[in-house]
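What follows is run-v8.csv (CSV, C-alpha atoms (C1' of nucleotides)).
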```
chain,number,residue,atom,x,y,z
Z,1,MET,CA,0.0,0.0,0.0
Z,2,LYS,CA,1.9,3.0,-1.3
Z,3,LYS,CA,-0.6,5.8,-0.8
Z,4,GLN,CA,-1.5,5.0,2.8
Z,5,GLU,CA,2.1,4.8,3.8
Z,6,ARG,CA,2.8,8.1,2.2
Z,7,GLN,CA,-0.2,9.6,4.0
Z,8,ARG,CA,1.2,8.3,7.3
Z,9,TYR,CA,4.4,10.0,6.6
Z,10,ILE,CA,2.6,13.2,5.8
Z,11,LYS,CA,0.8,13.1,9.1
Z,12,ARG,CA,4.1,12.6,10.8
Z,13,LEU,CA,5.7,15.5,9.0
Z,14,LEU,CA,2.7,17.7,10.0
Z,15,SER,CA,3.4,17.4,13.6
Z,16,SER,CA,7.2,17.6,13.3
Z,17,ARG,CA,7.6,20.8,11.3
Z,18,GLU,CA,5.9,23.9,10.1
Z,19,ILE,CA,5.0,23.1,6.5
Z,20,GLU,CA,4.2,26.1,4.5
Z,21,ARG,CA,3.7,24.8,1.0
Z,22,GLN,CA,2.8,21.6,-0.7
Z,23,GLU,CA,6.2,21.6,-2.3
Z,24,ASP,CA,7.7,21.4,1.2
Z,25,PHE,CA,6.0,18.0,1.5
Z,26,VAL,CA,7.4,17.0,-1.8
Z,27,SER,CA,11.0,17.9,-0.7
Z,28,LEU,CA,10.6,16.4,2.8
Z,29,LEU,CA,9.2,13.2,1.4
Z,30,ARG,CA,11.9,13.0,-1.2
Z,31,ALA,CA,14.4,13.2,1.6
Z,32,GLU,CA,12.8,10.0,3.0
Z,33,ASN,CA,13.1,8.5,-0.5
Z,34,ILE,CA,9.4,8.8,-1.3
Z,35,ASP,CA,9.1,10.3,-4.7
Z,36,VAL,CA,5.9,12.3,-5.4
Z,37,THR,CA,4.8,15.4,-7.3
Z,38,GLN,CA,2.9,18.3,-5.9
Z,39,ALA,CA,-0.2,17.1,-7.8
Z,40,THR,CA,-0.3,14.0,-5.6
Z,41,ILE,CA,0.2,16.0,-2.5
Z,42,SER,CA,-2.7,18.2,-3.4
Z,43,ARG,CA,-4.9,15.1,-3.7
Z,44,ASP,CA,-3.5,13.7,-0.5
Z,45,ILE,CA,-4.4,16.9,1.2
Z,46,LYS,CA,-7.9,16.8,-0.1
Z,47,ASP,CA,-8.2,13.2,1.0
Z,48,MET,CA,-6.9,13.8,4.4
Z,49,GLN,CA,-8.8,17.1,4.7
Z,50,LEU,CA,-5.8,19.0,5.8
Z,51,VAL,CA,-6.0,22.7,5.9
Z,52,LYS,CA,-3.7,25.6,5.2
Z,53,VAL,CA,-3.9,27.8,8.3
Z,54,PRO,CA,-2.8,31.4,8.3
Z,55,SER,CA,-0.5,31.5,11.4
Z,56,ALA,CA,-0.4,34.3,13.9
Z,57,THR,CA,3.1,35.1,12.9
Z,58,GLY,CA,2.2,36.0,9.3
Z,59,GLY,CA,2.9,32.8,7.4
Z,60,TYR,CA,0.8,29.8,6.6
Z,61,HIS,CA,1.1,26.2,7.6
Z,62,TYR,CA,-0.7,23.0,7.0
Z,63,SER,CA,-2.6,21.4,9.8
Z,64,MET,CA,-5.2,18.8,10.8
Z,65,PRO,CA,-8.8,19.6,9.9
Z,66,VAL,CA,-11.0,21.5,12.4
Z,67,GLN,CA,-13.6,18.9,13.0
Z,68,LYS,CA,-11.2,16.0,13.4
Z,69,LYS,CA,-9.1,17.9,15.9
Z,70,MET,CA,-12.1,18.9,18.0
Z,71,ASP,CA,-13.4,15.4,18.0
Z,72,THR,CA,-10.1,14.0,18.9
Z,73,GLU,CA,-9.6,16.4,21.7
Z,74,LYS,CA,-13.0,15.5,23.1
Z,75,LYS,CA,-12.3,11.8,23.0
Z,76,LEU,CA,-8.9,12.4,24.6
Z,77,LYS,CA,-10.5,14.4,27.3
Z,78,ARG,CA,-13.0,11.8,28.0
Z,79,THR,CA,-10.5,9.0,28.0
Z,80,LEU,CA,-8.3,10.9,30.3
Z,81,LYS,CA,-11.1,11.7,32.7
Z,82,ASP,CA,-12.3,8.1,32.7
Z,83,ALA,CA,-9.1,6.3,32.9
Z,84,TYR,CA,-6.5,8.6,34.5
Z,85,VAL,CA,-4.7,7.2,37.5
Z,86,SER,CA,-1.5,9.2,37.9
Z,87,TYR,CA,1.4,10.8,36.1
Z,88,ALA,CA,5.0,11.4,36.6
Z,89,THR,CA,7.6,13.3,34.6
Z,90,GLN,CA,11.3,13.2,34.2
Z,91,ASP,CA,13.6,14.8,31.7
Z,92,LYS,CA,11.7,14.8,28.4
Z,93,PHE,CA,9.3,12.1,29.5
Z,94,VAL,CA,5.8,12.1,30.8
Z,95,LEU,CA,4.5,8.8,32.1
Z,96,ILE,CA,0.8,8.4,32.5
Z,97,LYS,CA,-0.8,5.6,34.4
Z,98,VAL,CA,-4.3,4.7,33.4
Z,99,LEU,CA,-6.8,2.0,34.2
Z,100,PRO,CA,-5.9,-1.3,32.7
Z,101,GLY,CA,-6.8,-1.6,29.0
Z,102,ASN,CA,-6.8,2.1,28.3
Z,103,GLY,CA,-3.1,2.6,27.5
Z,104,PRO,CA,-3.1,2.0,23.8
Z,105,ALA,CA,-6.2,4.0,23.2
Z,106,LEU,CA,-4.8,7.0,25.1
Z,107,ALA,CA,-1.5,6.7,23.3
Z,108,SER,CA,-3.2,6.6,20.0
Z,109,LEU,CA,-5.3,9.6,20.8
Z,110,ILE,CA,-2.3,11.6,21.8
Z,111,GLU,CA,-0.7,10.6,18.5
Z,112,ASP,CA,-3.7,11.8,16.7
Z,113,MET,CA,-3.5,15.2,18.2
Z,114,HIS,CA,-0.2,15.7,16.5
Z,115,TYR,CA,1.0,17.8,19.4
Z,116,GLU,CA,3.8,20.1,18.4
Z,117,HIS,CA,5.7,19.2,21.5
Z,118,VAL,CA,5.5,15.5,21.3
Z,119,PHE,CA,8.2,13.4,19.7
Z,120,GLY,CA,6.4,10.1,20.2
Z,121,THR,CA,4.4,7.9,22.5
Z,122,VAL,CA,4.3,4.2,23.5
Z,123,GLY,CA,1.6,2.6,25.5
Z,124,ASP,CA,1.1,-0.7,27.1
Z,125,ASP,CA,-2.1,-1.9,28.8
Z,126,SER,CA,-2.0,0.6,31.6
Z,127,THR,CA,0.8,3.0,30.9
Z,128,VAL,CA,1.6,5.6,28.3
Z,129,LEU,CA,5.0,7.1,27.9
Z,130,ILE,CA,5.2,10.3,26.1
Z,131,ILE,CA,8.5,11.5,24.8
Z,132,CYS,CA,8.7,15.2,24.3
Z,133,LYS,CA,11.0,17.1,22.1
Z,134,SER,CA,12.6,19.2,24.8
Z,135,LEU,CA,12.4,20.1,28.4
Z,136,ASP,CA,10.2,23.1,27.6
Z,137,ALA,CA,8.0,21.0,25.5
Z,138,THR,CA,7.5,18.7,28.4
Z,139,LEU,CA,6.3,21.5,30.5
Z,140,GLU,CA,3.9,22.7,27.8
Z,141,LEU,CA,2.6,19.2,27.4
Z,142,GLN,CA,2.0,18.8,31.1
Z,143,GLN,CA,0.0,22.0,31.1
Z,144,THR,CA,-2.0,20.8,28.1
Z,145,LEU,CA,-2.8,17.6,29.9
Z,146,GLN,CA,-3.7,19.3,33.1
Z,147,ARG,CA,-6.0,21.6,31.2
Z,148,LEU,CA,-7.7,18.6,29.7
Z,149,LEU,CA,-8.1,16.9,33.0
Z,150,SER,CA,-9.5,19.8,34.9
Z,151,ASP,CA,-12.3,20.2,32.4
Z,152,ASN,CA,-12.3,23.7,31.1
J,153,MET,CA,-14.3,51.5,9.8
J,154,LYS,CA,-14.4,49.9,6.5
J,155,LYS,CA,-12.3,46.9,6.9
J,156,GLN,CA,-13.8,45.7,10.1
J,157,GLU,CA,-17.3,46.0,8.8
J,158,ARG,CA,-16.4,44.0,5.7
J,159,GLN,CA,-14.8,41.3,7.9
J,160,ARG,CA,-18.0,41.1,9.9
J,161,TYR,CA,-19.8,40.5,6.6
J,162,ILE,CA,-17.4,37.9,5.7
J,163,LYS,CA,-18.0,36.1,9.0
J,164,ARG,CA,-21.7,36.2,8.4
J,165,LEU,CA,-21.3,34.8,4.9
J,166,LEU,CA,-19.2,32.0,6.3
J,167,SER,CA,-22.0,30.7,8.3
J,168,SER,CA,-24.7,31.2,5.8
J,169,ARG,CA,-23.3,29.5,2.7
J,170,GLU,CA,-20.7,27.1,1.5
J,171,ILE,CA,-18.1,29.4,0.1
J,172,GLU,CA,-15.6,27.6,-2.2
J,173,ARG,CA,-13.4,30.3,-3.6
J,174,GLN,CA,-12.3,33.7,-2.6
J,175,GLU,CA,-14.0,35.1,-5.7
J,176,ASP,CA,-17.2,33.9,-4.2
J,177,PHE,CA,-16.7,36.3,-1.4
J,178,VAL,CA,-16.1,39.0,-3.9
J,179,SER,CA,-19.4,38.3,-5.7
J,180,LEU,CA,-21.4,37.9,-2.5
J,181,LEU,CA,-20.0,41.1,-1.0
J,182,ARG,CA,-20.6,42.9,-4.3
J,183,ALA,CA,-24.2,41.8,-4.0
J,184,GLU,CA,-24.3,43.6,-0.6
J,185,ASN,CA,-22.8,46.7,-2.2
J,186,ILE,CA,-19.4,46.1,-0.8
J,187,ASP,CA,-16.8,46.4,-3.5
J,188,VAL,CA,-13.6,44.6,-3.1
J,189,THR,CA,-11.1,42.6,-5.1
J,190,GLN,CA,-9.8,39.1,-4.5
J,191,ALA,CA,-6.5,40.5,-3.2
J,192,THR,CA,-8.3,42.2,-0.3
J,193,ILE,CA,-10.2,39.0,0.4
J,194,SER,CA,-7.0,37.1,0.5
J,195,ARG,CA,-5.6,39.5,3.0
J,196,ASP,CA,-8.8,39.4,5.1
J,197,ILE,CA,-8.6,35.6,5.1
J,198,LYS,CA,-5.0,35.8,6.4
J,199,ASP,CA,-6.1,38.4,9.0
J,200,MET,CA,-9.0,36.4,10.2
J,201,GLN,CA,-7.1,33.1,9.9
J,202,LEU,CA,-9.8,31.5,7.9
J,203,VAL,CA,-9.0,28.2,6.4
J,204,LYS,CA,-10.0,26.4,3.2
J,205,VAL,CA,-11.3,23.0,4.3
J,206,PRO,CA,-11.6,20.1,1.9
J,207,SER,CA,-15.1,18.9,2.5
J,208,ALA,CA,-16.2,15.3,2.8
J,209,THR,CA,-18.3,15.7,-0.4
J,210,GLY,CA,-15.3,16.4,-2.6
J,211,GLY,CA,-15.2,20.2,-2.7
J,212,TYR,CA,-13.6,22.9,-0.6
J,213,HIS,CA,-15.1,25.6,1.6
J,214,TYR,CA,-13.8,28.3,3.8
J,215,SER,CA,-14.3,28.1,7.5
J,216,MET,CA,-13.3,29.5,10.9
J,217,PRO,CA,-9.9,28.6,12.3
J,218,VAL,CA,-9.4,25.6,14.6
J,219,GLN,CA,-8.2,27.4,17.6
J,220,LYS,CA,-10.8,30.1,17.6
J,221,LYS,CA,-13.6,27.7,17.2
J,222,MET,CA,-12.3,25.6,20.1
J,223,ASP,CA,-11.8,28.6,22.3
J,224,THR,CA,-15.3,29.9,21.6
J,225,GLU,CA,-16.9,26.6,22.3
J,226,LYS,CA,-15.1,26.5,25.6
J,227,LYS,CA,-16.3,29.9,26.6
J,228,LEU,CA,-19.8,29.2,25.5
J,229,LYS,CA,-19.8,26.0,27.5
J,230,ARG,CA,-18.6,27.8,30.6
J,231,THR,CA,-21.1,30.6,30.2
J,232,LEU,CA,-23.9,28.2,29.7
J,233,LYS,CA,-22.9,26.2,32.7
J,234,ASP,CA,-22.5,29.2,34.9
J,235,ALA,CA,-25.5,31.2,33.9
J,236,TYR,CA,-28.1,28.8,32.5
J,237,VAL,CA,-31.5,29.0,34.1
J,238,SER,CA,-34.0,27.4,31.7
J,239,TYR,CA,-35.0,27.1,28.1
J,240,ALA,CA,-38.1,26.8,26.0
J,241,THR,CA,-38.7,26.2,22.4
J,242,GLN,CA,-41.4,27.0,19.9
J,243,ASP,CA,-41.4,26.9,16.2
J,244,LYS,CA,-38.1,28.0,15.0
J,245,PHE,CA,-37.2,29.7,18.2
J,246,VAL,CA,-35.2,28.7,21.2
J,247,LEU,CA,-35.4,30.9,24.2
J,248,ILE,CA,-32.8,30.7,26.9
J,249,LYS,CA,-33.1,32.2,30.3
J,250,VAL,CA,-29.9,33.0,32.0
J,251,LEU,CA,-28.8,34.8,35.2
J,252,PRO,CA,-29.1,38.5,34.9
J,253,GLY,CA,-26.3,40.2,33.0
J,254,ASN,CA,-25.3,37.1,31.0
J,255,GLY,CA,-27.7,37.5,28.1
J,256,PRO,CA,-25.6,39.6,25.8
J,257,ALA,CA,-22.5,37.6,26.4
J,258,LEU,CA,-24.2,34.3,25.6
J,259,ALA,CA,-25.9,35.7,22.5
J,260,SER,CA,-22.6,37.0,21.2
J,261,LEU,CA,-20.9,33.7,21.8
J,262,ILE,CA,-23.6,31.9,20.0
J,263,GLU,CA,-23.1,34.3,17.1
J,264,ASP,CA,-19.4,33.7,17.2
J,265,MET,CA,-19.9,30.0,16.8
J,266,HIS,CA,-21.5,30.6,13.4
J,267,TYR,CA,-23.7,27.7,13.8
J,268,GLU,CA,-25.0,26.4,10.5
J,269,HIS,CA,-28.5,26.2,11.9
J,270,VAL,CA,-28.8,29.6,13.4
J,271,PHE,CA,-30.4,32.5,11.6
J,272,GLY,CA,-29.8,35.0,14.3
J,273,THR,CA,-29.9,35.8,18.0
J,274,VAL,CA,-31.0,38.6,20.3
J,275,GLY,CA,-30.2,38.9,23.9
J,276,ASP,CA,-31.3,41.2,26.7
J,277,ASP,CA,-30.0,41.2,30.1
J,278,SER,CA,-31.3,37.7,31.1
J,279,THR,CA,-32.7,36.2,27.9
J,280,VAL,CA,-31.4,35.0,24.6
J,281,LEU,CA,-33.7,34.3,21.7
J,282,ILE,CA,-32.2,32.2,19.0
J,283,ILE,CA,-33.9,32.1,15.7
J,284,CYS,CA,-33.2,29.0,13.7
J,285,LYS,CA,-33.4,28.5,10.0
J,286,SER,CA,-35.9,25.7,10.1
J,287,LEU,CA,-37.7,23.3,12.4
J,288,ASP,CA,-35.1,20.7,11.9
J,289,ALA,CA,-32.4,23.2,12.6
J,290,THR,CA,-34.1,24.0,15.9
J,291,LEU,CA,-33.9,20.4,16.9
J,292,GLU,CA,-30.3,20.2,16.0
J,293,LEU,CA,-29.5,23.3,17.9
J,294,GLN,CA,-31.2,22.1,21.0
J,295,GLN,CA,-29.1,18.9,20.8
J,296,THR,CA,-26.0,21.0,20.5
J,297,LEU,CA,-26.9,23.1,23.5
J,298,GLN,CA,-27.8,20.1,25.5
J,299,ARG,CA,-24.5,18.5,24.7
J,300,LEU,CA,-22.7,21.6,25.8
J,301,LEU,CA,-24.7,21.7,29.0
J,302,SER,CA,-24.2,18.1,30.0
J,303,ASP,CA,-20.4,18.5,29.8
J,304,ASN,CA,-18.9,16.0,27.4
T,305,DT,C1',-0.7,-15.7,-17.9
T,306,DC,C1',-3.7,-12.4,-19.9
T,307,DC,C1',-7.4,-9.4,-19.5
T,308,DA,C1',-10.9,-6.0,-17.7
T,309,DG,C1',-11.8,-3.1,-14.2
T,310,DT,C1',-10.2,0.0,-10.5
T,311,DC,C1',-7.0,2.9,-8.4
T,312,DT,C1',-3.1,5.9,-8.4
T,313,DT,C1',0.3,8.9,-10.4
T,314,DT,C1',2.3,12.2,-13.4
T,315,DC,C1',2.4,15.8,-16.8
T,316,DA,C1',0.7,19.8,-18.4
T,317,DT,C1',-2.0,23.4,-17.4
T,318,DA,C1',-6.1,25.9,-15.6
T,319,DT,C1',-7.5,27.8,-11.5
T,320,DT,C1',-6.9,29.9,-7.3
T,321,DT,C1',-4.4,32.4,-4.0
T,322,DA,C1',-0.7,35.5,-2.3
T,323,DT,C1',2.0,39.6,-2.6
T,324,DG,C1',5.3,43.8,-4.2
T,325,DC,C1',4.5,48.1,-5.2
T,326,DA,C1',2.2,52.4,-6.0
T,327,DA,C1',-1.9,54.8,-5.2
T,328,DA,C1',-5.7,56.0,-2.3
T,329,DA,C1',-7.8,56.4,2.0
T,330,DT,C1',-7.6,57.2,6.9
T,331,DA,C1',-5.9,59.0,11.2
T,332,DG,C1',-3.3,62.0,14.0
T,333,DC,C1',-1.1,65.9,14.7
T,334,DT,C1',-0.5,71.4,14.9
F,335,DA,C1',-7.3,73.1,7.0
F,336,DG,C1',-2.8,71.3,5.8
F,337,DC,C1',0.8,68.0,6.5
F,338,DT,C1',2.9,63.5,7.7
F,339,DA,C1',2.6,58.9,9.1
F,340,DT,C1',0.1,54.8,8.9
F,341,DT,C1',-3.1,51.7,7.0
F,342,DT,C1',-5.7,49.8,3.5
F,343,DT,C1',-6.6,48.8,-1.3
F,344,DG,C1',-6.2,47.7,-6.2
F,345,DC,C1',-3.4,46.3,-10.0
F,346,DA,C1',-0.5,43.2,-12.0
F,347,DT,C1',1.6,39.3,-11.5
F,348,DA,C1',4.1,35.7,-9.1
F,349,DA,C1',3.4,31.8,-6.5
F,350,DA,C1',0.8,28.0,-5.0
F,351,DT,C1',-2.8,24.7,-5.7
F,352,DA,C1',-6.2,21.8,-8.2
F,353,DT,C1',-7.5,19.0,-11.9
F,354,DG,C1',-8.4,16.7,-16.8
F,355,DA,C1',-6.5,13.4,-19.4
F,356,DA,C1',-3.3,9.8,-20.4
F,357,DA,C1',-0.2,6.4,-18.6
F,358,DG,C1',1.1,3.2,-15.2
F,359,DA,C1',0.3,0.0,-11.4
F,360,DC,C1',-2.5,-3.2,-9.1
F,361,DT,C1',-6.4,-6.6,-8.4
F,362,DG,C1',-9.1,-10.5,-9.0
F,363,DG,C1',-10.8,-13.5,-12.0
F,364,DA,C1',-10.9,-16.9,-16.2
```

Could you express the structure from this file as structure tokens?
Amino acid sequence: MKKQERQRYIKRLLSSREIERQEDFVSLLRAENIDVTQATISRDIKDMQLVKVPSATGGYHYSMPVQKKMDTEKKLKRTLKDAYVSYATQDKFVLIKVLPGNGPALASLIEDMHYEHVFGTVGDDSTVLIICKSLDATLELQQTLQRLLSDN
Amino acid sequence: MKKQERQRYIKRLLSSREIERQEDFVSLLRAENIDVTQATISRDIKDMQLVKVPSATGGYHYSMPVQKKMDTEKKLKRTLKDAYVSYATQDKFVLIKVLPGNGPALASLIEDMHYEHVFGTVGDDSTVLIICKSLDATLELQQTLQRLLSDN
DNA sequence: TCCAGTCTTTCATATTTATGCAAAATAGCT
DNA sequence: AGCTATTTTGCATAAATATGAAAGACTGGA
């Protein structure tokens, strides 16, 4: 499955960098040895319903679609509230304990959010380890999670 | 204030129709005797951080930005929870009673959401009247409001 | 294997969107 | 009012994006 794999890469790129133009996707994918043209990216973007957001700083960047993002955050919030047990943090890591069975779901929701600050996540049955991109990022993420936990 | 007024119009158009291209804004505004070029619209869109969303049905349409939408919904939820007293509905109307002083705020938040189903709102000190676009729309809106009230 | 149908990609290009620059409008002064 | 600085706009066009049409890949039979 070529297309799906590429679209997974695209998702990953989305969260890792500020992507301003479709051609950026082309270059970045080329760097990973995936060869496509802008035309294909345009169709992928339509498929995946990505949007080009005018950023506060004056530029533009591609991002997840509105609805999906809202839905995901809602699910994430619910899962957190339902299953949250405790959390700890050290260095660039945030370790969340949840009720048995909820680890993978939570990890996957966090992935889906494509948080700027998150490098990656792993989850077993009752634990999710989030690896952040920096110490600052870790703080930011903590705040995000706390916000989600305390309703709002 | 020319620009701001135009941008208010743009917001209103956003919620009332599916707008596919910037030129559509130009035509629709022209119909309201506001004369602009696509260049200006492009800049307005950047200002307002509107996004062009690939819709499920194959086309594209402009829409409110992610962050703002989420923020507004949050505020709306909080206001509702804080100030809600009761509501009633009849025909295409939903009438919400709130604690004194909260009417205008609530009305304005509902406006800001640009709900598909809402034709318009008016609020006095402790009442908000929402006029929906159809009977079905009224039901939909009720559900939306109930969802907001019952957390989620 | 060979074929028909379906899906995906590229190429070329049409369409749409963004922007540099000059002109016009607006806002503050005095 | 008259002048200057700032903001906003349109024009022209560059830049970016979307898409028809043809070619290539893949799929599931016969």

Interface list for chain T, partner chain J, 10 Å threshold, all atoms listed in the file, as a ChimeraX atom specification
/T:320-323,330

For the residues in the current selection, export C-alpha atoms (C1' of nucleotides) as a PDB file, in the coordinates of the input.
```pdb
ATOM      1  C1'  DT T 320      -6.900  29.900  -7.300  1.00  0.00           C
ATOM      2  C1'  DT T 321      -4.400  32.400  -4.000  1.00  0.00           C
ATOM      3  C1'  DA T 322      -0.700  35.500  -2.300  1.00  0.00           C
ATOM      4  C1'  DT T 323       2.000  39.600  -2.600  1.00  0.00           C
ATOM      5  C1'  DT T 330      -7.600  57.200   6.900  1.00  0.00           C
TER       6       DT T 330
END
```

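Interface residues on chain J toward chain F (cut-off 8 Å, all atoms listed in the file): Lys155, Thr189, Ala191 and Thr192 of chain J.
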
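Of the residues under consideration (Z:Leu95, Z:Leu148, Z:Val118, Z:Ile110), Z:Leu148 shows the shortest atom-to-atom contact distance to chain J when counting only C-alpha atoms.
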
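Residue-level contacts from chain J to chain Z at 7 Å, counting all atoms listed in the file, read J:Lys198, J:Gln201, J:Leu202, J:Val203, J:Lys204, J:Val205, J:Pro206, J:Ser207, J:Val218, J:Lys226.
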
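Going from CA of Glu140 in chain Z to CA of Gln7 in chain Z covers 27.5 Å.
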
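Counting from CA of Gln143 in chain Z, the distance to CA of Arg299 in chain J is 25.6 Å.
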
Since the input has fewer atoms than a full residue there, write range 107-115 of chain Z out with all heavy atoms, as an mmCIF file, in the coordinates of the input.
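Final output, part_21.cif:
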```cif
data_model
loop_
_atom_site.group_PDB
_atom_site.id
_atom_site.type_symbol
_atom_site.label_atom_id
_atom_site.label_comp_id
_atom_site.auth_asym_id
_atom_site.auth_seq_id
_atom_site.Cartn_x
_atom_site.Cartn_y
_atom_site.Cartn_z
ATOM 1 N N ALA Z 107 -2.677 6.439 24.086
ATOM 2 C CA ALA Z 107 -1.500 6.700 23.300
ATOM 3 C C ALA Z 107 -1.877 7.110 21.871
ATOM 4 O O ALA Z 107 -1.365 8.084 21.305
ATOM 5 C CB ALA Z 107 -0.562 5.510 23.279
ATOM 6 N N SER Z 108 -2.818 6.379 21.352
ATOM 7 C CA SER Z 108 -3.200 6.600 20.000
ATOM 8 C C SER Z 108 -3.907 7.982 19.830
ATOM 9 O O SER Z 108 -3.710 8.718 18.855
ATOM 10 C CB SER Z 108 -4.015 5.464 19.446
ATOM 11 O OG SER Z 108 -5.179 5.898 18.825
ATOM 12 N N LEU Z 109 -4.696 8.329 20.829
ATOM 13 C CA LEU Z 109 -5.300 9.600 20.800
ATOM 14 C C LEU Z 109 -4.314 10.764 20.853
ATOM 15 O O LEU Z 109 -4.425 11.770 20.154
ATOM 16 C CB LEU Z 109 -6.350 9.780 21.932
ATOM 17 C CG LEU Z 109 -7.645 8.987 21.741
ATOM 18 C CD1 LEU Z 109 -8.461 8.966 23.023
ATOM 19 C CD2 LEU Z 109 -8.460 9.606 20.610
ATOM 20 N N ILE Z 110 -3.335 10.561 21.684
ATOM 21 C CA ILE Z 110 -2.300 11.600 21.800
ATOM 22 C C ILE Z 110 -1.539 11.722 20.475
ATOM 23 O O ILE Z 110 -1.253 12.821 20.012
ATOM 24 C CB ILE Z 110 -1.357 11.291 22.978
ATOM 25 C CG1 ILE Z 110 -2.121 11.518 24.280
ATOM 26 C CG2 ILE Z 110 -0.113 12.164 22.923
ATOM 27 C CD1 ILE Z 110 -1.396 11.075 25.526
ATOM 28 N N GLU Z 111 -1.277 10.592 19.870
ATOM 29 C CA GLU Z 111 -0.700 10.600 18.500
ATOM 30 C C GLU Z 111 -1.537 11.429 17.576
ATOM 31 O O GLU Z 111 -1.066 12.297 16.848
ATOM 32 C CB GLU Z 111 -0.546 9.189 17.954
ATOM 33 C CG GLU Z 111 0.526 8.323 18.588
ATOM 34 C CD GLU Z 111 1.908 8.630 18.001
ATOM 35 O OE1 GLU Z 111 1.982 9.351 16.997
ATOM 36 O OE2 GLU Z 111 2.906 8.155 18.597
ATOM 37 N N ASP Z 112 -2.817 11.120 17.619
ATOM 38 C CA ASP Z 112 -3.700 11.800 16.700
ATOM 39 C C ASP Z 112 -3.783 13.277 16.838
ATOM 40 O O ASP Z 112 -4.100 13.983 15.890
ATOM 41 C CB ASP Z 112 -5.169 11.219 16.887
ATOM 42 C CG ASP Z 112 -5.326 9.867 16.215
ATOM 43 O OD1 ASP Z 112 -4.379 9.420 15.541
ATOM 44 O OD2 ASP Z 112 -6.399 9.258 16.361
ATOM 45 N N MET Z 113 -3.518 13.738 18.041
ATOM 46 C CA MET Z 113 -3.500 15.200 18.200
ATOM 47 C C MET Z 113 -2.393 15.879 17.526
ATOM 48 O O MET Z 113 -2.429 17.084 17.302
ATOM 49 C CB MET Z 113 -3.505 15.525 19.733
ATOM 50 C CG MET Z 113 -4.787 15.236 20.479
ATOM 51 S SD MET Z 113 -6.208 16.175 19.847
ATOM 52 C CE MET Z 113 -5.831 17.826 20.444
ATOM 53 N N HIS Z 114 -1.371 15.114 17.206
ATOM 54 C CA HIS Z 114 -0.200 15.700 16.500
ATOM 55 C C HIS Z 114 0.303 16.915 17.292
ATOM 56 O O HIS Z 114 0.534 17.965 16.695
ATOM 57 C CB HIS Z 114 -0.512 16.065 15.092
ATOM 58 C CG HIS Z 114 -0.757 14.858 14.252
ATOM 59 N ND1 HIS Z 114 -2.018 14.382 13.992
ATOM 60 C CD2 HIS Z 114 0.089 13.987 13.660
ATOM 61 C CE1 HIS Z 114 -1.921 13.290 13.256
ATOM 62 N NE2 HIS Z 114 -0.666 13.026 13.041
ATOM 63 N N TYR Z 115 0.465 16.721 18.583
ATOM 64 C CA TYR Z 115 1.000 17.800 19.400
ATOM 65 C C TYR Z 115 2.357 18.245 18.913
ATOM 66 O O TYR Z 115 3.256 17.396 18.775
ATOM 67 C CB TYR Z 115 1.018 17.465 20.864
ATOM 68 C CG TYR Z 115 -0.325 17.481 21.541
ATOM 69 C CD1 TYR Z 115 -0.760 16.376 22.265
ATOM 70 C CD2 TYR Z 115 -1.146 18.595 21.486
ATOM 71 C CE1 TYR Z 115 -1.986 16.375 22.915
ATOM 72 C CE2 TYR Z 115 -2.368 18.607 22.130
ATOM 73 C CZ TYR Z 115 -2.785 17.499 22.844
ATOM 74 O OH TYR Z 115 -3.993 17.517 23.480
#
```
